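Peer 1: Below is the file structure.txt, with compact mmCIF, C-alpha atoms and all ligand atoms.
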```
# COMPACT_ATOMS: atom_id res chain seq x y z
CA MET A 16 173.15 -54.85 10.34
CA ARG A 17 171.94 -56.87 13.35
CA ILE A 18 174.33 -56.47 16.29
CA ASP A 19 173.57 -57.93 19.75
CA LEU A 20 176.30 -57.16 22.31
CA HIS A 21 175.12 -58.93 25.49
CA THR A 22 174.33 -62.66 25.77
CA HIS A 23 174.88 -65.49 28.25
CA SER A 24 175.72 -69.16 27.74
CA THR A 25 176.11 -72.20 29.98
CA ALA A 26 179.55 -70.79 30.81
CA SER A 27 177.51 -68.70 33.30
CA ASP A 28 173.74 -68.66 33.82
CA GLY A 29 172.39 -69.08 30.29
CA THR A 30 171.00 -72.37 28.99
CA ASP A 31 172.57 -72.54 25.50
CA THR A 32 176.10 -73.92 25.33
CA PRO A 33 178.49 -71.45 23.68
CA ALA A 34 178.21 -73.52 20.48
CA GLN A 35 174.40 -73.50 20.64
CA LEU A 36 174.51 -69.75 21.26
CA MET A 37 176.50 -69.27 18.02
CA GLN A 38 173.98 -71.38 16.09
CA ALA A 39 171.10 -69.46 17.66
CA ALA A 40 172.78 -66.17 16.68
CA ALA A 41 172.87 -67.31 13.05
CA ARG A 42 169.23 -68.42 13.21
CA ALA A 43 168.26 -65.04 14.71
CA GLY A 44 169.90 -63.38 11.70
CA LEU A 45 172.59 -61.68 13.77
CA ASP A 46 175.64 -60.33 11.95
CA VAL A 47 177.51 -59.67 15.19
CA VAL A 48 177.06 -61.26 18.61
CA ALA A 49 178.97 -60.76 21.87
CA ILE A 50 179.28 -63.55 24.41
CA THR A 51 179.28 -61.86 27.83
CA ASP A 52 179.03 -64.44 30.59
CA HIS A 53 179.13 -63.32 34.20
CA ASP A 54 182.67 -62.97 35.60
CA THR A 55 184.24 -65.49 33.22
CA THR A 56 185.78 -65.85 29.78
CA GLY A 57 185.22 -69.62 30.03
CA GLY A 58 182.91 -69.73 26.99
CA TRP A 59 185.21 -67.82 24.63
CA GLN A 60 187.05 -70.74 23.06
CA ALA A 61 183.99 -72.93 22.46
CA ALA A 62 182.13 -69.97 20.97
CA ALA A 63 185.03 -69.15 18.65
CA ASP A 64 185.33 -72.80 17.60
CA ALA A 65 181.61 -73.01 16.75
CA ARG A 66 181.21 -69.58 15.14
CA PRO A 67 179.26 -69.73 11.87
CA THR A 68 181.17 -67.83 9.17
CA THR A 69 178.27 -65.37 8.76
CA VAL A 70 178.51 -64.24 12.39
CA THR A 71 181.19 -61.93 13.80
CA LEU A 72 182.05 -62.79 17.41
CA ILE A 73 182.91 -60.19 20.03
CA ARG A 74 184.41 -61.77 23.13
CA GLY A 75 183.33 -60.09 26.35
CA CYS A 76 182.38 -60.55 29.96
CA GLU A 77 179.80 -59.06 32.34
CA PHE A 78 181.64 -58.20 35.55
CA SER A 79 179.88 -58.07 38.93
CA THR A 80 180.69 -54.67 40.38
CA ALA A 81 179.43 -52.42 43.15
CA VAL A 82 179.24 -48.78 44.11
CA ALA A 83 179.07 -47.65 47.74
CA VAL A 84 176.16 -45.23 48.24
CA GLY A 85 175.58 -43.88 51.73
CA GLY A 86 177.11 -46.92 53.41
CA ARG A 87 175.19 -49.35 51.18
CA SER A 88 176.59 -51.36 48.30
CA VAL A 89 174.62 -50.96 45.04
CA SER A 90 175.12 -53.70 42.44
CA VAL A 91 176.14 -52.60 38.93
CA HIS A 92 177.00 -54.85 35.98
CA LEU A 93 179.92 -53.82 33.78
CA LEU A 94 180.40 -55.19 30.27
CA GLY A 95 184.02 -55.54 29.23
CA TYR A 96 184.74 -56.23 25.54
CA LEU A 97 187.82 -57.46 23.67
CA PHE A 98 190.19 -57.24 26.66
CA ASP A 99 193.22 -59.49 27.16
CA PRO A 100 191.92 -62.56 29.07
CA HIS A 101 195.45 -63.27 30.32
CA ASP A 102 195.91 -59.84 31.88
CA PRO A 103 197.01 -60.61 35.48
CA ALA A 104 194.54 -58.21 37.13
CA ILE A 105 191.65 -59.63 35.06
CA VAL A 106 192.68 -63.22 35.86
CA ALA A 107 192.98 -62.49 39.59
CA GLU A 108 189.74 -60.56 39.88
CA SER A 109 187.61 -62.96 37.82
CA GLY A 110 189.01 -65.80 39.92
CA ARG A 111 188.05 -63.98 43.09
CA LEU A 112 184.53 -63.29 41.76
CA VAL A 113 184.02 -66.93 40.75
CA ALA A 114 185.11 -68.09 44.23
CA GLU A 115 182.82 -65.50 45.77
CA ARG A 116 179.92 -66.80 43.64
CA LEU A 117 180.57 -70.33 44.91
CA ARG A 118 180.73 -69.23 48.55
CA ARG A 119 177.61 -67.11 48.25
CA GLY A 120 175.62 -69.62 46.17
CA LEU A 121 176.27 -72.39 48.68
CA ALA A 122 175.40 -70.03 51.57
CA ILE A 123 172.01 -69.32 49.95
CA VAL A 124 171.42 -73.06 49.43
CA ASP A 125 172.38 -73.77 53.05
CA LYS A 126 169.90 -71.17 54.29
CA MET A 127 167.16 -72.66 52.10
CA ALA A 128 167.93 -76.23 53.21
CA ALA A 129 168.02 -75.11 56.86
CA GLY A 130 164.62 -73.50 56.28
CA GLY A 131 163.24 -76.82 55.07
CA LEU A 132 163.30 -76.25 51.30
CA PRO A 133 164.12 -79.57 49.56
CA ILE A 134 167.22 -78.51 47.61
CA SER A 135 170.86 -79.45 48.08
CA ARG A 136 174.37 -78.13 47.44
CA GLN A 137 175.14 -81.04 45.14
CA GLN A 138 172.04 -80.42 43.04
CA VAL A 139 172.98 -76.77 42.46
CA LEU A 140 176.62 -77.67 41.73
CA ASP A 141 175.39 -80.23 39.18
CA LEU A 142 173.08 -77.65 37.57
CA ALA A 143 175.93 -75.13 37.29
CA ALA A 144 178.15 -77.88 35.81
CA GLY A 145 181.37 -76.02 36.48
CA ALA A 146 180.10 -72.54 35.61
CA PRO A 147 180.30 -69.72 38.15
CA ILE A 148 177.20 -70.14 40.35
CA GLY A 149 174.37 -67.69 39.83
CA ARG A 150 170.96 -67.43 41.37
CA PRO A 151 169.37 -68.78 38.15
CA HIS A 152 171.06 -72.14 38.95
CA ILE A 153 169.36 -72.10 42.35
CA ALA A 154 166.12 -71.13 40.59
CA ARG A 155 166.42 -74.31 38.50
CA ALA A 156 166.73 -76.36 41.69
CA LEU A 157 163.64 -74.65 43.13
CA ILE A 158 161.75 -75.50 39.91
CA ALA A 159 162.90 -79.13 40.10
CA ALA A 160 161.67 -79.23 43.70
CA GLY A 161 158.24 -78.05 42.49
CA LEU A 162 158.39 -74.87 44.59
CA VAL A 163 158.05 -72.48 41.62
CA ASN A 164 157.25 -72.81 37.92
CA THR A 165 159.69 -70.35 36.37
CA VAL A 166 163.02 -68.61 37.04
CA SER A 167 161.20 -65.26 37.19
CA GLU A 168 158.85 -66.63 39.84
CA ALA A 169 161.85 -67.79 41.85
CA PHE A 170 163.38 -64.30 41.69
CA ALA A 171 160.10 -62.74 42.78
CA SER A 172 160.01 -64.97 45.88
CA TYR A 173 162.76 -67.22 47.25
CA LEU A 174 165.64 -65.48 45.44
CA SER A 175 164.57 -61.90 46.03
CA GLY A 176 167.27 -59.52 47.27
CA ARG A 177 164.85 -58.59 50.03
CA GLY A 178 163.93 -62.18 50.91
CA PRO A 179 165.04 -64.24 53.93
CA TYR A 180 167.49 -66.43 51.99
CA TYR A 181 169.46 -63.67 50.28
CA VAL A 182 173.21 -63.54 50.78
CA PRO A 183 175.21 -60.75 49.10
CA LYS A 184 178.50 -61.28 47.31
CA ARG A 185 181.50 -58.95 47.44
CA ASP A 186 181.72 -57.43 43.98
CA THR A 187 184.53 -55.40 42.43
CA ASP A 188 184.48 -51.63 42.95
CA LEU A 189 183.01 -50.21 39.72
CA THR A 190 185.69 -47.58 39.08
CA THR A 191 188.39 -50.20 39.69
CA ALA A 192 186.68 -52.55 37.22
CA VAL A 193 186.39 -49.85 34.52
CA ALA A 194 190.09 -49.10 34.90
CA MET A 195 190.95 -52.82 34.92
CA VAL A 196 189.10 -53.56 31.65
CA THR A 197 190.59 -50.47 30.03
CA ALA A 198 194.14 -51.29 31.16
CA ALA A 199 193.70 -54.81 29.73
CA GLY A 200 193.09 -53.29 26.29
CA GLY A 201 189.31 -53.65 26.38
CA ALA A 202 186.27 -51.39 26.21
CA ALA A 203 184.04 -50.88 29.26
CA VAL A 204 180.27 -50.32 28.89
CA ILE A 205 177.83 -50.19 31.80
CA ALA A 206 175.14 -52.88 31.44
CA HIS A 207 171.48 -51.85 32.00
CA PRO A 208 172.39 -48.68 33.98
CA ARG A 209 168.72 -48.23 34.96
CA GLY A 210 167.93 -51.93 35.43
CA ARG A 211 166.97 -52.01 39.11
CA GLY A 212 168.50 -49.92 41.87
CA GLU A 213 171.35 -48.58 39.74
CA TYR A 214 169.93 -45.04 39.50
CA ARG A 215 171.05 -44.51 43.11
CA ALA A 216 174.66 -45.28 42.20
CA LEU A 217 174.86 -44.13 38.60
CA THR A 218 174.14 -40.43 38.85
CA ARG A 219 175.02 -38.19 35.92
CA GLU A 220 178.03 -36.94 37.87
CA ARG A 221 179.34 -40.42 38.69
CA ILE A 222 178.97 -41.53 35.07
CA GLY A 223 181.07 -38.49 34.13
CA GLU A 224 183.74 -39.62 36.60
CA LEU A 225 183.63 -43.15 35.18
CA ARG A 226 184.19 -41.74 31.69
CA ASP A 227 187.37 -40.16 33.05
CA ALA A 228 188.38 -43.64 34.34
CA GLY A 229 187.99 -45.06 30.81
CA LEU A 230 184.29 -45.88 30.41
CA VAL A 231 183.30 -45.76 26.71
CA GLY A 232 179.59 -46.52 26.69
CA LEU A 233 176.19 -47.13 28.22
CA GLU A 234 173.80 -49.96 27.37
CA LEU A 235 170.63 -48.08 26.47
CA ASP A 236 168.18 -50.35 24.64
CA HIS A 237 167.53 -53.15 27.13
CA THR A 238 164.37 -54.91 28.34
CA ASP A 239 164.78 -53.40 31.81
CA HIS A 240 164.64 -49.78 30.53
CA ASP A 241 161.46 -47.84 29.84
CA GLY A 242 161.19 -44.84 27.53
CA ALA A 243 162.09 -42.33 30.25
CA ASP A 244 165.18 -44.36 31.23
CA ARG A 245 166.35 -44.44 27.62
CA ALA A 246 165.80 -40.69 27.14
CA GLU A 247 167.76 -39.92 30.32
CA LEU A 248 170.62 -42.28 29.38
CA ARG A 249 170.82 -40.83 25.88
CA SER A 250 171.15 -37.35 27.34
CA ILE A 251 173.92 -38.51 29.72
CA ALA A 252 175.73 -40.30 26.89
CA ASP A 253 175.55 -37.17 24.72
CA GLU A 254 176.87 -34.98 27.52
CA PHE A 255 179.94 -37.15 28.12
CA GLY A 256 180.58 -38.40 24.59
CA LEU A 257 179.74 -42.01 25.44
CA LEU A 258 178.49 -44.48 22.84
CA VAL A 259 175.19 -46.28 23.42
CA THR A 260 174.42 -49.94 22.80
CA GLY A 261 171.30 -52.09 22.54
CA SER A 262 171.33 -55.75 23.51
CA SER A 263 169.08 -58.64 24.40
CA ASP A 264 170.88 -59.89 27.54
CA TYR A 265 169.77 -63.32 26.27
CA HIS A 266 169.85 -66.16 28.84
CA GLY A 267 168.27 -68.97 26.78
CA GLU A 268 165.40 -70.58 28.69
CA ASN A 269 166.27 -68.72 31.91
CA LYS A 270 164.70 -65.47 30.69
CA PRO A 271 161.88 -64.74 28.22
CA VAL A 272 163.91 -62.25 26.12
CA ARG A 273 165.00 -63.51 22.65
CA LEU A 274 168.32 -62.99 20.86
CA GLY A 275 168.33 -59.78 18.83
CA ALA A 276 165.44 -58.28 20.82
CA HIS A 277 167.51 -55.08 21.04
CA LEU A 278 170.31 -54.09 18.70
CA THR A 279 173.37 -51.84 18.54
CA ALA A 280 174.09 -49.42 15.67
CA LEU A 281 177.11 -50.20 13.49
CA ASP A 282 178.79 -46.84 14.19
CA ALA A 283 178.59 -47.52 17.94
CA LEU A 284 180.28 -50.90 17.36
CA HIS A 285 182.97 -49.19 15.28
CA ARG A 286 183.63 -46.75 18.12
CA LEU A 287 183.70 -49.58 20.64
CA VAL A 288 186.20 -51.62 18.64
CA ALA A 289 188.32 -48.51 17.98
CA ALA A 290 188.56 -47.98 21.76
CA THR A 291 190.25 -51.37 22.21
CA SER A 292 193.92 -52.21 21.72
CA GLY A 293 193.37 -55.14 19.34
CA VAL A 294 194.91 -57.77 21.62
CA THR A 295 191.60 -59.70 21.45
CA PRO A 296 190.21 -58.96 17.99
CA ALA A 297 186.65 -59.44 16.86
CA ILE A 298 186.54 -62.73 14.92
CA GLY A 299 185.01 -62.45 11.47
CA GLU A 300 186.05 -58.94 10.58
CA ALA A 301 183.87 -58.49 7.51
CA VAL A 302 181.41 -56.08 9.09
CA ILE A 303 183.87 -54.48 11.48
CA GLY A 304 186.55 -53.35 9.05
P1 LIG A 401 173.35 -63.37 40.58
O1 LIG A 401 174.33 -62.95 39.51
O2 LIG A 401 173.65 -64.70 41.13
O3 LIG A 401 173.17 -62.33 41.66
O4 LIG A 401 171.95 -63.50 39.85
C1 LIG A 401 171.48 -62.41 39.07
C2 LIG A 401 171.21 -62.89 37.65
O5 LIG A 401 169.97 -63.53 37.65
C3 LIG A 401 171.09 -61.74 36.68
O6 LIG A 401 172.28 -61.59 35.95
C4 LIG A 401 170.02 -62.17 35.75
O7 LIG A 401 170.59 -62.89 34.68
C5 LIG A 401 169.21 -63.15 36.52
N1 LIG A 401 167.94 -62.56 36.97
C6 LIG A 401 167.75 -61.52 37.80
N2 LIG A 401 166.46 -61.27 37.98
C7 LIG A 401 165.79 -62.17 37.23
C8 LIG A 401 164.41 -62.42 36.96
N3 LIG A 401 163.44 -61.69 37.54
N4 LIG A 401 164.11 -63.43 36.12
C9 LIG A 401 165.07 -64.17 35.55
N5 LIG A 401 166.38 -63.97 35.76
C10 LIG A 401 166.74 -62.98 36.58
ZN ZN A 402 172.66 -63.54 34.26
FE FE A 403 173.29 -57.95 34.08
FE FE A 404 173.60 -60.06 31.51
```
Have the structure of the file written as structure tokens, please.
Peer 2:
Amino acid sequence: MRIDLHTHSTASDGTDTPAQLMQAAARAGLDVVAITDHDTTGGWQAAADARPTTVTLIRGCEFSTAVAVGGRSVSVHLLGYLFDPHDPAIVAESGRLVAERLRRGLAIVDKMAAGGLPISRQQVLDLAAGAPIGRPHIARALIAAGLVNTVSEAFASYLSGRGPYYVPKRDTDLTTAVAMVTAAGGAAVIAHPRGRGEYRALTRERIGELRDAGLVGLELDHTDHDGADRAELRSIADEFGLLVTGSSDYHGENKPVRLGAHLTALDALHRLVAATSGVTPAIGEAVIG
């Protein structure tokens, strides 16, 4: 069973439309795929409409969240699966995050333009085409301007969190977000908990507290994790009874990783689905039931 629980489409900062993502999932031989765009459920309907019958679709979202550590805000990504997209708290908070992405994306562009880089607000808005703005959209503008050759190069230079053009966004408190997804009938799983600076925020103790707030799992097999990260996360998951997932975090042409590069075990998917209320079912139940 090939199960990939973390992918992005043009509804956020991927380059496949939701329909293309579904076709690509079939071509990659996936039995189950989750669409998890940043801070939006905007791709859900198009993905469902285009779903090949051989592919089960899990509707999800990757929420931008933060943990305060010693006066600093550490960014953490939280995957929410199969929650009610009409839940008022979810609607309000995703709307706030999308507005925050627009404010912050334009602020980065303004800084770059003021610094003499030949990119514009309109160009980035056109590249995002209505999706919540992410730095990969700005990376595309930097590529078009001939300043870098790839999105990764842009992140290593102009878009770096330590660079002169960086502007932070105000993300949702992580514990609040876990509780919000859970209350909306969904399942909350921390995305790449050892991706970058997350180890400072996601101590064993804090993960235990998040479990008490409703957290059901940790993403373990992910391109950003080395062997030591995976061993540590597995030990934490075992201690707190959390399930573990594996996922590609596919972004189309915006990242080198391919669909299905990392996979989730079927029993972990069963546990994840069992933790949800059923208000947003998986579509294509054959492998879930
Ligand atoms: P943002 O959400 O606007 O802060 O941008 C962060 C997003 O950019 C992440 O979700 C990744 O998808 C992407 N990203 C971060 N680092 C890189 C990188 N080195 N290469 C390509 N994409 C990246
Ligand atoms: Zn992304
Ligand atoms: Fe992420
Ligand atoms: Fe992601």
Peer 1: With a distance cut-off of 12 Å and only C-alpha atoms, select the neighbouring residues of Pro33 of chain A, excluding the residue or stretch itself and same-chain residues fewer than 3 positions from it, and output the selection as a PyMOL selection string.
Peer 2: chain A and resi 22-30+36-40+48-52+56-67+72+74+266-267
Peer 1: Generate a file of the selected residues that holds C-alpha atoms, formatted as a PDB file, in the frame of the given file.
Peer 2:
```pdb
ATOM      1  CA  THR A  22     174.330 -62.660  25.770  1.00  0.00           C
ATOM      2  CA  HIS A  23     174.880 -65.490  28.250  1.00  0.00           C
ATOM      3  CA  SER A  24     175.720 -69.160  27.740  1.00  0.00           C
ATOM      4  CA  THR A  25     176.110 -72.200  29.980  1.00  0.00           C
ATOM      5  CA  ALA A  26     179.550 -70.790  30.810  1.00  0.00           C
ATOM      6  CA  SER A  27     177.510 -68.700  33.300  1.00  0.00           C
ATOM      7  CA  ASP A  28     173.740 -68.660  33.820  1.00  0.00           C
ATOM      8  CA  GLY A  29     172.390 -69.080  30.290  1.00  0.00           C
ATOM      9  CA  THR A  30     171.000 -72.370  28.990  1.00  0.00           C
ATOM     10  CA  LEU A  36     174.510 -69.750  21.260  1.00  0.00           C
ATOM     11  CA  MET A  37     176.500 -69.270  18.020  1.00  0.00           C
ATOM     12  CA  GLN A  38     173.980 -71.380  16.090  1.00  0.00           C
ATOM     13  CA  ALA A  39     171.100 -69.460  17.660  1.00  0.00           C
ATOM     14  CA  ALA A  40     172.780 -66.170  16.680  1.00  0.00           C
ATOM     15  CA  VAL A  48     177.060 -61.260  18.610  1.00  0.00           C
ATOM     16  CA  ALA A  49     178.970 -60.760  21.870  1.00  0.00           C
ATOM     17  CA  ILE A  50     179.280 -63.550  24.410  1.00  0.00           C
ATOM     18  CA  THR A  51     179.280 -61.860  27.830  1.00  0.00           C
ATOM     19  CA  ASP A  52     179.030 -64.440  30.590  1.00  0.00           C
ATOM     20  CA  THR A  56     185.780 -65.850  29.780  1.00  0.00           C
ATOM     21  CA  GLY A  57     185.220 -69.620  30.030  1.00  0.00           C
ATOM     22  CA  GLY A  58     182.910 -69.730  26.990  1.00  0.00           C
ATOM     23  CA  TRP A  59     185.210 -67.820  24.630  1.00  0.00           C
ATOM     24  CA  GLN A  60     187.050 -70.740  23.060  1.00  0.00           C
ATOM     25  CA  ALA A  61     183.990 -72.930  22.460  1.00  0.00           C
ATOM     26  CA  ALA A  62     182.130 -69.970  20.970  1.00  0.00           C
ATOM     27  CA  ALA A  63     185.030 -69.150  18.650  1.00  0.00           C
ATOM     28  CA  ASP A  64     185.330 -72.800  17.600  1.00  0.00           C
ATOM     29  CA  ALA A  65     181.610 -73.010  16.750  1.00  0.00           C
ATOM     30  CA  ARG A  66     181.210 -69.580  15.140  1.00  0.00           C
ATOM     31  CA  PRO A  67     179.260 -69.730  11.870  1.00  0.00           C
ATOM     32  CA  LEU A  72     182.050 -62.790  17.410  1.00  0.00           C
ATOM     33  CA  ARG A  74     184.410 -61.770  23.130  1.00  0.00           C
ATOM     34  CA  HIS A 266     169.850 -66.160  28.840  1.00  0.00           C
ATOM     35  CA  GLY A 267     168.270 -68.970  26.780  1.00  0.00           C
TER      36      GLY A 267
END
```
Peer 1: Measuring between all atoms listed in the file, which one of A:Arg209, A:His101, A:Arg42, A:Arg87 shows the shortest distance to ligand FE 403 (chain A)?
Peer 2: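 Distance minimum relative to ligand FE 403 (chain A) lands on A:Arg209.
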Peer 1: Can you tell me which residues come within 10 Å of ligand FE 403 (chain A) when counting only C-alpha atoms and all ligand atoms, ideally as a VMD selection string?
Peer 2: chain A and resid 21 to 23 51 to 53 77 to 79 90 to 94 205 to 208 210 239 264
Peer 1: Name the closest residue to ligand LIG 401 (chain A) among the candidates A:Pro179, A:Gly232, A:Gly120, A:Gly256; distances are taken between atoms, counting all atoms listed in the file.
Peer 2: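 Once distances to ligand LIG 401 (chain A) are computed over all atoms listed in the file, the minimum belongs to A:Gly120.
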Peer 1: Mind listing the residues within 7 Å of ligand LIG 401 (chain A), all atoms listed in the file counted, as a list in words?
Peer 2: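 Taking all atoms listed in the file into account, the residues around ligand LIG 401 (chain A) at most 7 Å away are Asp28, Ile148, Gly149, Arg150, Pro151, Val166, Ser167, Phe170, Ala171, His266, Asn269 and Lys270 of chain A.
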Peer 1: Considering all atoms listed in the file, can you say which of A:Ala104, A:Leu140, A:Val124, A:Val259 comes closest to Val193 of chain A?
Peer 2: A:Ala104
